[in-house]
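Novice: Contents of work.txt (compact mmCIF, C-alpha atoms):
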# COMPACT_ATOMS: atom_id res chain seq x y z
CA MET A 1 115.76 53.86 98.75
CA LYS A 2 112.17 54.95 98.22
CA LYS A 3 113.25 58.23 96.63
CA PHE A 4 115.72 56.40 94.42
CA ILE A 5 112.92 54.14 93.13
CA GLU A 6 110.75 57.22 92.55
CA SER A 7 113.58 58.76 90.52
CA LEU A 8 113.82 55.60 88.40
CA ILE A 9 110.07 55.82 87.75
CA ASN A 10 110.45 59.48 86.78
CA VAL A 11 113.05 58.48 84.16
CA TRP A 12 110.30 56.79 82.13
CA LYS A 13 108.09 59.87 82.34
CA ILE A 14 110.57 61.84 80.22
CA GLU A 15 109.98 60.67 76.65
CA GLU A 16 113.34 61.80 75.24
CA LEU A 17 115.31 60.22 78.09
CA LYS A 18 113.33 56.97 77.85
CA ASN A 19 114.00 56.73 74.11
CA ARG A 20 117.71 57.39 74.60
CA ILE A 21 117.97 54.66 77.23
CA LEU A 22 116.14 52.16 75.02
CA ILE A 23 118.39 53.01 72.05
CA THR A 24 121.45 52.55 74.25
CA LEU A 25 120.28 49.19 75.56
CA GLY A 26 119.41 48.02 72.04
CA ILE A 27 122.85 48.94 70.65
CA LEU A 28 124.60 47.27 73.59
CA LEU A 29 122.55 44.13 72.93
CA VAL A 30 123.69 44.12 69.28
CA TYR A 31 127.32 44.49 70.40
CA ARG A 32 127.05 41.62 72.86
CA PHE A 33 125.40 39.43 70.22
CA GLY A 34 128.25 40.11 67.80
CA ALA A 35 130.77 39.08 70.44
CA HIS A 36 129.44 35.50 70.18
CA VAL A 37 129.58 35.25 66.37
CA THR A 38 132.65 33.20 65.43
CA LEU A 39 134.78 34.08 62.41
CA PRO A 40 133.69 32.15 59.28
CA GLY A 41 135.97 29.19 58.64
CA ILE A 42 136.65 28.35 62.30
CA ASP A 43 135.12 25.43 64.18
CA ALA A 44 133.63 27.01 67.31
CA THR A 45 133.84 23.68 69.17
CA GLN A 46 137.65 23.64 69.01
CA LEU A 47 138.45 26.93 70.76
CA THR A 48 139.60 25.32 74.02
CA GLY A 49 143.23 26.26 73.43
CA LEU A 50 142.34 29.90 72.79
CA ALA A 51 140.20 30.00 75.94
CA GLY A 52 143.10 28.60 77.95
CA GLN A 53 145.41 31.29 76.58
CA THR A 54 143.15 34.03 77.95
CA LYS A 55 143.07 32.77 81.52
CA SER A 56 146.20 34.74 82.47
CA GLY A 57 148.64 37.32 81.18
CA LEU A 58 147.97 39.72 78.31
CA GLY A 59 145.29 37.43 76.90
CA SER A 60 143.13 37.77 80.02
CA ILE A 61 143.22 41.56 79.81
CA LEU A 62 142.39 41.62 76.09
CA ASP A 63 139.59 39.11 76.60
CA MET A 64 138.16 41.20 79.43
CA PHE A 65 138.08 44.41 77.39
CA THR A 66 136.40 42.62 74.47
CA GLY A 67 133.82 40.91 76.68
CA GLY A 68 135.07 37.41 75.86
CA ALA A 69 135.13 38.02 72.08
CA PHE A 70 138.90 37.50 71.95
CA SER A 71 138.68 33.95 73.32
CA LYS A 72 135.72 33.12 71.08
CA ALA A 73 137.51 34.11 67.83
CA SER A 74 134.59 36.46 67.27
CA VAL A 75 134.05 39.02 64.54
CA PHE A 76 134.52 41.54 67.39
CA ALA A 77 137.71 39.81 68.61
CA LEU A 78 139.72 43.05 68.43
CA GLY A 79 136.87 44.95 70.04
CA ILE A 80 137.04 48.70 70.33
CA MET A 81 140.67 48.71 71.54
CA PRO A 82 142.19 49.76 68.16
CA TYR A 83 140.03 52.89 68.34
CA ILE A 84 141.23 53.56 71.90
CA SER A 85 144.85 53.13 70.75
CA ALA A 86 144.27 55.50 67.83
CA SER A 87 142.67 58.08 70.14
CA ILE A 88 145.66 57.95 72.49
CA VAL A 89 148.13 58.31 69.60
CA VAL A 90 146.26 61.30 68.13
CA GLN A 91 146.03 62.93 71.55
CA LEU A 92 149.76 62.56 72.18
CA MET A 93 150.63 63.70 68.65
CA GLY A 94 148.57 66.81 69.28
CA ILE A 95 151.30 67.95 71.67
CA ALA A 96 154.03 67.94 69.03
CA ILE A 97 152.25 68.48 65.68
CA PRO A 98 151.15 72.10 65.04
CA TYR A 99 148.40 71.04 62.61
CA LEU A 100 146.67 68.93 65.26
CA GLN A 101 147.13 71.70 67.81
CA LYS A 102 145.35 74.07 65.41
CA LEU A 103 142.50 71.59 64.97
CA GLN A 104 142.11 71.28 68.74
CA ASN A 105 141.59 75.04 68.94
CA ASP A 106 139.15 75.22 65.99
CA GLY A 107 136.10 74.18 67.96
CA GLU A 108 133.49 71.85 66.46
CA SER A 109 134.98 71.80 62.94
CA GLY A 110 138.40 70.90 64.32
CA ARG A 111 136.91 68.17 66.49
CA LYS A 112 135.24 66.60 63.45
CA LYS A 113 138.53 66.54 61.53
CA ILE A 114 140.34 65.00 64.51
CA ASN A 115 137.64 62.33 64.74
CA GLN A 116 138.09 61.57 61.05
CA ILE A 117 141.86 61.23 61.51
CA THR A 118 141.25 58.93 64.47
CA ARG A 119 138.94 56.73 62.40
CA TRP A 120 141.46 56.31 59.59
CA LEU A 121 144.21 55.56 62.10
CA THR A 122 141.89 52.98 63.71
CA ILE A 123 141.60 51.19 60.37
CA GLY A 124 145.39 51.22 59.99
CA ILE A 125 145.94 49.77 63.47
CA THR A 126 143.30 47.10 62.88
CA LEU A 127 144.93 46.06 59.60
CA VAL A 128 148.13 45.47 61.57
CA GLN A 129 146.54 43.73 64.55
CA GLY A 130 144.24 41.57 62.41
CA PRO A 131 147.00 39.43 60.84
CA GLY A 132 148.65 39.20 64.26
CA TYR A 133 145.43 37.79 65.71
CA ILE A 134 145.13 35.27 62.85
CA TYR A 135 148.76 34.21 63.41
CA ASN A 136 147.93 33.67 67.09
CA LEU A 137 145.02 31.44 66.05
CA TYR A 138 147.38 29.33 63.93
CA ARG A 139 149.72 28.93 66.91
CA THR A 140 146.96 28.12 69.40
CA LEU A 141 144.29 26.09 67.60
CA PRO A 142 144.67 22.64 66.00
CA GLY A 143 144.70 22.40 62.22
CA SER A 144 141.29 20.73 62.20
CA ALA A 145 139.75 23.91 63.65
CA PHE A 146 140.25 25.70 60.30
CA LEU A 147 137.43 24.56 58.04
CA LEU A 148 138.90 26.21 54.95
CA GLY A 149 142.24 24.55 55.46
CA PHE A 150 145.34 25.40 57.47
CA ASN A 151 147.16 28.54 56.20
CA SER A 152 144.42 29.16 53.64
CA VAL A 153 144.88 32.51 51.86
CA GLU A 154 141.12 32.89 51.53
CA PHE A 155 140.69 32.46 55.28
CA VAL A 156 143.43 34.96 56.18
CA PHE A 157 142.17 37.63 53.77
CA SER A 158 138.50 37.26 54.69
CA SER A 159 139.25 37.15 58.43
CA VAL A 160 141.34 40.33 58.35
CA VAL A 161 138.58 42.10 56.43
CA ILE A 162 135.93 40.85 58.86
CA LEU A 163 137.99 41.81 61.94
CA THR A 164 138.56 45.29 60.51
CA THR A 165 134.87 45.63 59.68
CA GLY A 166 133.95 44.41 63.16
CA THR A 167 136.09 47.08 64.80
CA ILE A 168 134.68 49.79 62.51
CA PHE A 169 131.13 48.61 63.25
CA ALA A 170 131.82 48.62 67.00
CA MET A 171 133.23 52.15 66.66
CA TRP A 172 130.08 53.19 64.77
CA LEU A 173 127.88 51.66 67.48
CA GLY A 174 129.75 53.61 70.13
CA GLU A 175 129.34 56.88 68.25
CA LYS A 176 125.63 56.21 67.79
CA ILE A 177 125.22 55.70 71.54
CA THR A 178 126.95 59.03 72.16
CA ASP A 179 124.76 60.85 69.59
CA LYS A 180 121.40 59.12 70.02
CA GLY A 181 121.67 57.35 73.38
CA ILE A 182 122.87 58.19 76.86
CA GLY A 183 126.45 58.26 78.11
CA ASN A 184 129.77 57.92 76.28
CA GLY A 185 129.28 55.15 73.72
CA ILE A 186 132.87 53.89 73.45
CA SER A 187 133.25 53.74 77.22
CA LEU A 188 129.93 51.93 77.60
CA LEU A 189 130.99 49.26 75.09
CA ILE A 190 134.15 48.64 77.10
CA MET A 191 132.25 48.60 80.40
CA VAL A 192 129.67 46.12 79.09
CA GLY A 193 132.47 43.87 77.88
CA ILE A 194 134.07 43.95 81.31
CA LEU A 195 130.78 43.34 83.11
CA ALA A 196 130.12 40.33 80.87
CA ARG A 197 132.99 38.54 82.64
CA LEU A 198 131.78 39.41 86.13
CA PRO A 199 129.10 36.67 86.63
CA GLN A 200 131.43 33.89 85.47
CA ALA A 201 134.26 35.16 87.67
CA PHE A 202 131.98 35.30 90.72
CA ILE A 203 130.58 31.82 90.06
CA GLN A 204 134.12 30.43 89.88
CA GLU A 205 135.01 32.12 93.16
CA PHE A 206 131.80 30.88 94.77
CA ALA A 207 132.56 27.33 93.67
CA ALA A 208 136.12 27.57 94.98
CA ARG A 209 135.03 28.89 98.38
CA VAL A 210 131.77 27.06 99.05
CA THR A 211 131.60 23.99 96.83
CA ASN A 212 135.25 23.05 97.33
CA ASN A 213 135.13 24.15 100.99
CA ASN A 214 138.08 26.54 100.60
CA GLY A 215 137.25 29.10 103.26
CA GLY A 216 133.49 28.69 103.23
CA PRO A 217 130.69 31.27 102.84
CA MET A 218 132.07 33.60 105.53
CA LEU A 219 135.28 34.26 103.61
CA LEU A 220 133.21 34.88 100.47
CA VAL A 221 131.18 37.47 102.39
CA VAL A 222 134.42 39.14 103.54
CA GLU A 223 135.59 39.27 99.92
CA ILE A 224 132.35 40.94 98.83
CA ILE A 225 132.66 43.52 101.62
CA VAL A 226 136.26 44.27 100.59
CA TRP A 227 135.15 44.53 96.97
CA LEU A 228 132.44 47.06 97.86
CA LEU A 229 134.93 49.09 99.90
CA VAL A 230 137.29 49.18 96.91
CA ILE A 231 134.43 50.37 94.68
CA ILE A 232 133.66 53.14 97.17
CA SER A 233 137.35 54.10 97.15
CA CYS A 234 137.30 54.25 93.34
CA ILE A 235 134.23 56.50 93.46
CA LEU A 236 136.01 58.82 95.87
CA LEU A 237 139.07 58.87 93.60
CA VAL A 238 136.99 59.72 90.52
CA MET A 239 134.82 62.34 92.24
CA ALA A 240 137.39 64.02 94.52
CA ILE A 241 138.20 67.62 93.61
CA ARG A 242 140.16 70.50 95.09
CA LYS A 243 138.13 73.70 95.00
CA ILE A 244 140.15 76.83 94.15
CA PRO A 245 138.11 79.91 95.17
CA VAL A 246 137.66 82.51 92.44
CA GLN A 247 136.29 86.01 92.78
CA TYR A 248 135.03 88.07 89.84
CA ALA A 249 134.86 91.81 89.48
CA ARG A 250 131.86 93.57 90.89
CA ARG A 251 128.79 93.15 88.75
CA THR A 252 125.51 95.00 88.54
CA THR A 253 123.38 92.00 87.63
CA SER A 254 120.19 91.24 89.49
CA GLY A 255 120.40 88.97 92.48
CA ASP A 256 121.55 89.17 96.07
CA PHE A 257 122.78 92.74 96.64
CA GLU A 258 125.22 91.92 99.42
CA LYS A 259 126.78 89.06 97.42
CA ASP A 260 126.86 90.52 93.90
CA MET A 261 127.37 94.23 94.54
CA MET A 262 129.48 94.36 97.68
CA GLY A 263 131.60 91.25 97.55
CA GLY A 264 131.58 90.28 93.89
CA ASN A 265 130.41 86.95 92.51
CA ARG A 266 132.42 84.14 94.17
CA GLN A 267 132.89 80.84 92.41
CA TRP A 268 135.54 78.15 92.35
CA ILE A 269 137.71 76.13 89.95
CA PRO A 270 137.44 72.34 90.40
CA LEU A 271 140.83 70.60 90.12
CA LYS A 272 140.38 66.83 90.09
CA LEU A 273 142.47 64.65 92.37
CA ASN A 274 142.84 62.21 89.47
CA ALA A 275 142.72 64.45 86.40
CA SER A 276 144.29 61.79 84.16
CA GLY A 277 141.58 59.19 84.73
CA VAL A 278 142.50 55.65 83.70
CA MET A 279 145.05 56.69 81.05
CA PRO A 280 148.17 56.20 83.26
CA ILE A 281 147.14 52.59 83.89
CA ILE A 282 146.64 51.99 80.17
CA PHE A 283 150.03 53.52 79.32
CA ALA A 284 151.79 51.58 82.08
CA GLN A 285 150.05 48.36 81.06
CA ALA A 286 151.30 48.78 77.49
CA ILE A 287 154.87 49.39 78.66
CA MET A 288 154.80 46.36 80.96
CA PHE A 289 154.48 43.95 78.04
CA ILE A 290 157.58 45.26 76.28
CA PRO A 291 160.26 43.71 78.58
CA ALA A 292 158.77 40.21 78.29
CA ALA A 293 158.40 40.56 74.51
CA VAL A 294 162.01 41.73 74.06
CA ALA A 295 163.45 39.19 76.50
CA GLY A 296 161.46 36.44 74.77
CA LEU A 297 163.66 36.87 71.70
CA SER A 298 166.60 35.46 73.65
CA LYS A 299 166.91 31.97 75.09
CA SER A 300 169.37 32.82 77.89
CA ASP A 301 168.52 32.09 81.53
CA ALA A 302 168.49 35.79 82.42
CA SER A 303 166.06 36.53 79.60
CA GLN A 304 163.76 33.71 80.64
CA SER A 305 163.78 35.05 84.21
CA ILE A 306 162.66 38.44 82.90
CA VAL A 307 159.93 36.80 80.84
CA GLY A 308 158.71 34.94 83.90
CA ALA A 309 158.74 38.04 86.13
CA PHE A 310 156.92 40.30 83.66
CA SER A 311 154.42 37.67 82.52
CA ASN A 312 153.00 37.14 86.01
CA LEU A 313 150.38 39.86 86.49
CA PHE A 314 150.19 39.03 90.19
CA GLY A 315 153.94 38.84 90.89
CA PHE A 316 155.84 41.24 93.18
CA TRP A 317 158.31 42.70 90.67
CA TYR A 318 155.69 43.12 87.99
CA ASN A 319 153.41 45.12 90.29
CA LEU A 320 156.27 47.15 91.80
CA VAL A 321 157.36 48.35 88.35
CA PHE A 322 153.71 48.71 87.30
CA ALA A 323 152.89 50.98 90.27
CA THR A 324 156.00 53.09 89.67
CA LEU A 325 155.10 53.62 86.02
CA ILE A 326 151.54 54.61 86.98
CA VAL A 327 152.84 57.33 89.31
CA VAL A 328 155.18 58.65 86.60
CA PHE A 329 152.55 58.58 83.85
CA THR A 330 149.97 60.24 86.12
CA PHE A 331 152.21 63.30 86.47
CA PHE A 332 153.06 63.20 82.75
CA TYR A 333 149.49 62.89 81.51
CA THR A 334 148.17 65.48 83.96
CA ALA A 335 150.85 67.93 82.82
CA ILE A 336 149.82 67.64 79.16
CA THR A 337 146.05 67.55 79.65
CA VAL A 338 145.48 70.19 82.36
CA PRO A 339 146.26 73.55 80.68
CA THR A 340 146.99 75.76 83.67
CA ASN A 341 148.22 78.55 81.37
CA LYS A 342 144.96 78.54 79.42
CA MET A 343 142.95 78.42 82.65
CA SER A 344 144.83 81.47 83.90
CA ASP A 345 144.29 83.38 80.63
CA ASP A 346 140.58 82.53 80.53
CA LEU A 347 140.19 83.62 84.14
CA LYS A 348 141.92 86.92 83.42
CA ARG A 349 139.80 87.62 80.32
CA SER A 350 136.58 87.00 82.25
CA GLY A 351 137.59 89.42 84.99
CA GLY A 352 138.19 86.75 87.61
CA PHE A 353 141.05 86.25 90.02
CA ILE A 354 142.11 83.96 92.83
CA PRO A 355 142.13 85.88 96.13
CA GLY A 356 145.69 86.65 97.17
CA VAL A 357 147.18 85.70 93.78
CA ARG A 358 147.95 88.12 90.96
CA PRO A 359 146.35 87.41 87.57
CA GLY A 360 148.55 86.10 84.79
CA VAL A 361 151.77 84.20 85.36
CA GLU A 362 151.40 84.00 89.14
CA THR A 363 147.93 82.47 88.78
CA SER A 364 149.28 79.91 86.31
CA ASP A 365 152.16 79.02 88.65
CA PHE A 366 149.76 78.76 91.59
CA LEU A 367 147.41 76.41 89.73
CA ASP A 368 150.37 74.34 88.53
CA LYS A 369 151.69 74.05 92.10
CA VAL A 370 148.28 72.99 93.45
CA MET A 371 147.90 70.41 90.68
CA SER A 372 151.31 68.94 91.54
CA LEU A 373 150.43 68.75 95.24
CA ILE A 374 147.11 66.96 94.70
CA THR A 375 148.37 64.77 91.85
CA PHE A 376 150.96 63.06 94.06
CA PRO A 377 148.49 61.48 96.53
CA GLY A 378 146.11 60.88 93.63
CA SER A 379 148.79 58.97 91.72
CA LEU A 380 149.66 56.87 94.79
CA PHE A 381 145.99 56.04 95.32
CA LEU A 382 145.59 55.15 91.63
CA ALA A 383 148.68 52.93 91.77
CA LEU A 384 147.36 51.18 94.89
CA ILE A 385 144.04 50.44 93.20
CA ALA A 386 145.86 49.20 90.09
CA VAL A 387 147.93 46.64 92.03
CA PHE A 388 145.18 45.72 94.50
CA PRO A 389 144.21 42.56 92.53
CA ALA A 390 147.69 41.19 93.24
CA ILE A 391 147.29 42.08 96.92
CA VAL A 392 143.99 40.20 97.33
CA VAL A 393 145.40 37.19 95.47
CA SER A 394 148.39 37.13 97.82
CA LEU A 395 146.54 37.77 101.09
CA MET A 396 143.15 36.14 100.50
CA ASP A 397 143.93 33.49 97.86
CA VAL A 398 141.24 34.87 95.56
CA GLN A 399 140.69 33.36 92.11
CA GLN A 400 142.60 35.42 89.54
CA SER A 401 139.56 36.00 87.33
CA TRP A 402 137.61 37.38 90.32
CA ALA A 403 140.61 39.35 91.59
CA MET A 404 140.70 41.39 88.37
CA PHE A 405 137.51 43.13 89.55
CA PHE A 406 139.16 44.31 92.77
CA GLY A 407 141.02 47.09 91.01
CA GLY A 408 143.08 47.87 87.95
CA THR A 409 141.83 49.29 84.69
CA SER A 410 138.57 47.35 84.72
CA LEU A 411 137.23 48.71 88.00
CA ILE A 412 138.27 52.31 87.29
CA ILE A 413 136.54 52.15 83.90
CA MET A 414 133.35 50.66 85.35
CA VAL A 415 133.14 53.26 88.12
CA GLY A 416 134.00 56.21 85.87
CA VAL A 417 131.54 55.24 83.12
CA ALA A 418 128.76 54.50 85.61
CA ILE A 419 129.20 57.89 87.30
CA ASP A 420 129.27 59.72 83.94
CA THR A 421 126.10 57.97 82.73
CA ILE A 422 124.24 58.59 85.99
CA GLN A 423 125.21 62.27 85.87
CA GLN A 424 123.78 62.60 82.35
CA ILE A 425 120.53 60.95 83.44
CA ASN A 426 120.55 63.19 86.50
CA SER A 427 120.79 66.32 84.35
CA TYR A 428 117.70 65.25 82.35
CA LEU A 429 115.74 64.73 85.55
CA LEU A 430 116.75 68.08 87.04
CA ASN A 431 115.98 69.93 83.80
CA LYS A 432 112.44 68.52 83.97
CA HIS A 433 112.17 69.55 87.64
CA TYR A 434 112.42 66.02 89.01
CA ASP A 435 114.73 64.94 91.81
CA GLY A 436 117.90 63.46 90.38
CA LEU A 437 119.30 59.99 91.02
CA MET A 438 122.01 61.48 93.21
CA LYS A 439 119.87 64.03 95.00
CA SER A 440 117.54 63.66 97.95
CA GLY A 441 114.57 65.80 98.67
CA LYS A 442 110.92 66.15 97.87
CA ASN A 443 109.89 65.20 94.37
CA ARG A 444 108.76 68.18 92.28
CA LYS A 445 106.05 68.26 89.67
CA ALA A 446 107.32 68.17 86.08
CA VAL A 447 106.87 71.20 83.91
CA ALA A 448 104.64 70.49 80.94
Give the structure from this file in C-alpha cells form.
Specialist:
Amino acid sequence: MKKFIESLINVWKIEELKNRILITLGILLVYRFGAHVTLPGIDATQLTGLAGQTKSGLGSILDMFTGGAFSKASVFALGIMPYISASIVVQLMGIAIPYLQKLQNDGESGRKKINQITRWLTIGITLVQGPGYIYNLYRTLPGSAFLLGFNSVEFVFSSVVILTTGTIFAMWLGEKITDKGIGNGISLLIMVGILARLPQAFIQEFAARVTNNNGGPMLLVVEIIVWLLVIISCILLVMAIRKIPVQYARRTTSGDFEKDMMGGNRQWIPLKLNASGVMPIIFAQAIMFIPAAVAGLSKSDASQSIVGAFSNLFGFWYNLVFATLIVVFTFFYTAITVPTNKMSDDLKRSGGFIPGVRPGVETSDFLDKVMSLITFPGSLFLALIAVFPAIVVSLMDVQQSWAMFFGGTSLIIMVGVAIDTIQQINSYLLNKHYDGLMKSGKNRKAVA
C-alpha cells in the first residue's frame, strides 16, 4: 500500500502526465454537468414517469450507459451510444466492403477516413433515434410537462437538433480525452456514466438490507465480498492470455551470447482468453430486444407470453437465450477480429516461427486451433458474468439496480477501461524511471 501511494505521488511529478489527468477530469466533469441539463421546453419537475420507465428493462440499460441522462430528458439523453452503434456497423461492414478493407490497411490515413465515416453515420443514427426518444417522451410524460405545448413542431425540431448536437459534442469530448488526456475517451465517458449510478444503487441496497431489516448488515457484507470476487474474476478474464512461444532466426545483435547467438531470440505471441471484449454482450443484448418488439405487435396470448419472457432481464428464459447468444457471438467476433492468417504472414516475414510448427499455412491453422480452444472457456466465463446479475437476484434477493453491477456489460466495461487507463499511466511512470502502479519494487530516481 505504501508503494502504491508513492506511485500516486510520482504521478504528479511528471508534468505531462499531470496535465493529461487534469484535462481528462475536466472533460469528464463537463460531460457529467451536461447530463443534468434538461431539454428546453420540458418541465424538469414532471419527469417521474420517465424515471419509472428506466427502473427495469431496456430503459434501465440505456439510462445506465448515459449516466442517468436518459431518465432526465437531458441534452445528452442519447449519450455516446449512437457513436458506439456506428463504430460497430462500420467494423462489421469492413468485412464485406472492399473499400473499407482497403482503408483498414492504409495505416493512419485510412484510419482518419474510417473515423470520418463513423462520425457521419453517428449523425444519421442520432437523427433516427432522436425522434424516437421524443415520441417516447410524449407517451410517458403528461401533457403539462411540455412547456411549448403538446405535439409542438418547434419543440420536436429543436429537441432533435439538440439531441444530435449533444451526441456530437459527447463524441468530440471523448476524442479530446483520447488525444489530450489519458485513456480511451469514449470508453471513459461510458464508464463514468455507469459509475454515476453506483452510489444510488448501493444506497438503495443498504436501505433495503439495514433500514428495512431485510437480512441486516451481515448479508450486505456478504454481498460486497461477492461483488469484489466478481470484479477479480472480470480482471482475470480481461487480463488472461495464452502465450505461444516464438523463436526467431539467429541474430548477431549485441546482448547475451548464449541466448541471442546460440538459441536465437525467443519471444511469445499473446492470445487473449477473451479477445472479443464486451462486444458479444452488446450484440446479444441488441438481439434480445427483437423478440419482445416483434411479439408486441400482436395481441395474442402467445405473443404476450413472449413479451413477458423477453422483457424480464432477470428471468430464466431470457438469461438462457442471452448466455447462448453470447457464446455464439464470442466465437463469431473472435473469428473476424483475430487475423490468424495475417499473424502467420507477419511472423514468417520477420523470420520467426513457432517451435514444432512449419511457417505459413500450418502456423495459421495452429493459431486458429489454439484460439478456438481458449475461446470456448472464455465465452462460457463471459456468459456466466453476463447472467450473474440474474443469479444474485434469484439467490440473494438483491435489489435489481444494485445487481446490475454484479456482472453484465457494465462491470466488464468498468474493469476493462480501468485496466487500460492504469496501464497507460503505468507506461508514463516506467518511461520516467518510476515504479509503476502495477509494479512493486524500490522506487527509482527520475531522469531529468
Novice: For Val387 (chain A), which of A:Asn105, A:Asn319, A:Thr375, A:Ser7 is the closest residue, counting all atoms listed in the file?
Specialist: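 Among the listed residues, the smallest separation from Val387 (chain A) belongs to A:Asn319.
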Novice: Restricting the calculation to all atoms listed in the file: of A:Val357, A:Ile391, A:Val89, A:Leu163, which residue gets closest to Pro245 (chain A)?
Specialist: A:Val357
Novice: For Thr409 (chain A), please output as a PyMOL selection string all residues within 8 Å (counting all atoms listed in the file; exclusion window: fewer than 4 positions along the same chain).
Specialist: chain A and resi 278+281-282+386+413
Novice: Report, in Å with one decimal, the straight-line distance from CA of Ala418 (chain A) to CA of Leu195 (chain A).
Specialist: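 CA of Leu195 (chain A) lies 11.6 Å from CA of Ala418 (chain A).
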Novice: Which of these, A:Leu325, A:Leu229, A:Val415, A:Leu347, has the shortest distance to Ile269 (chain A) once you count all atoms listed in the file?
Specialist: A:Leu347
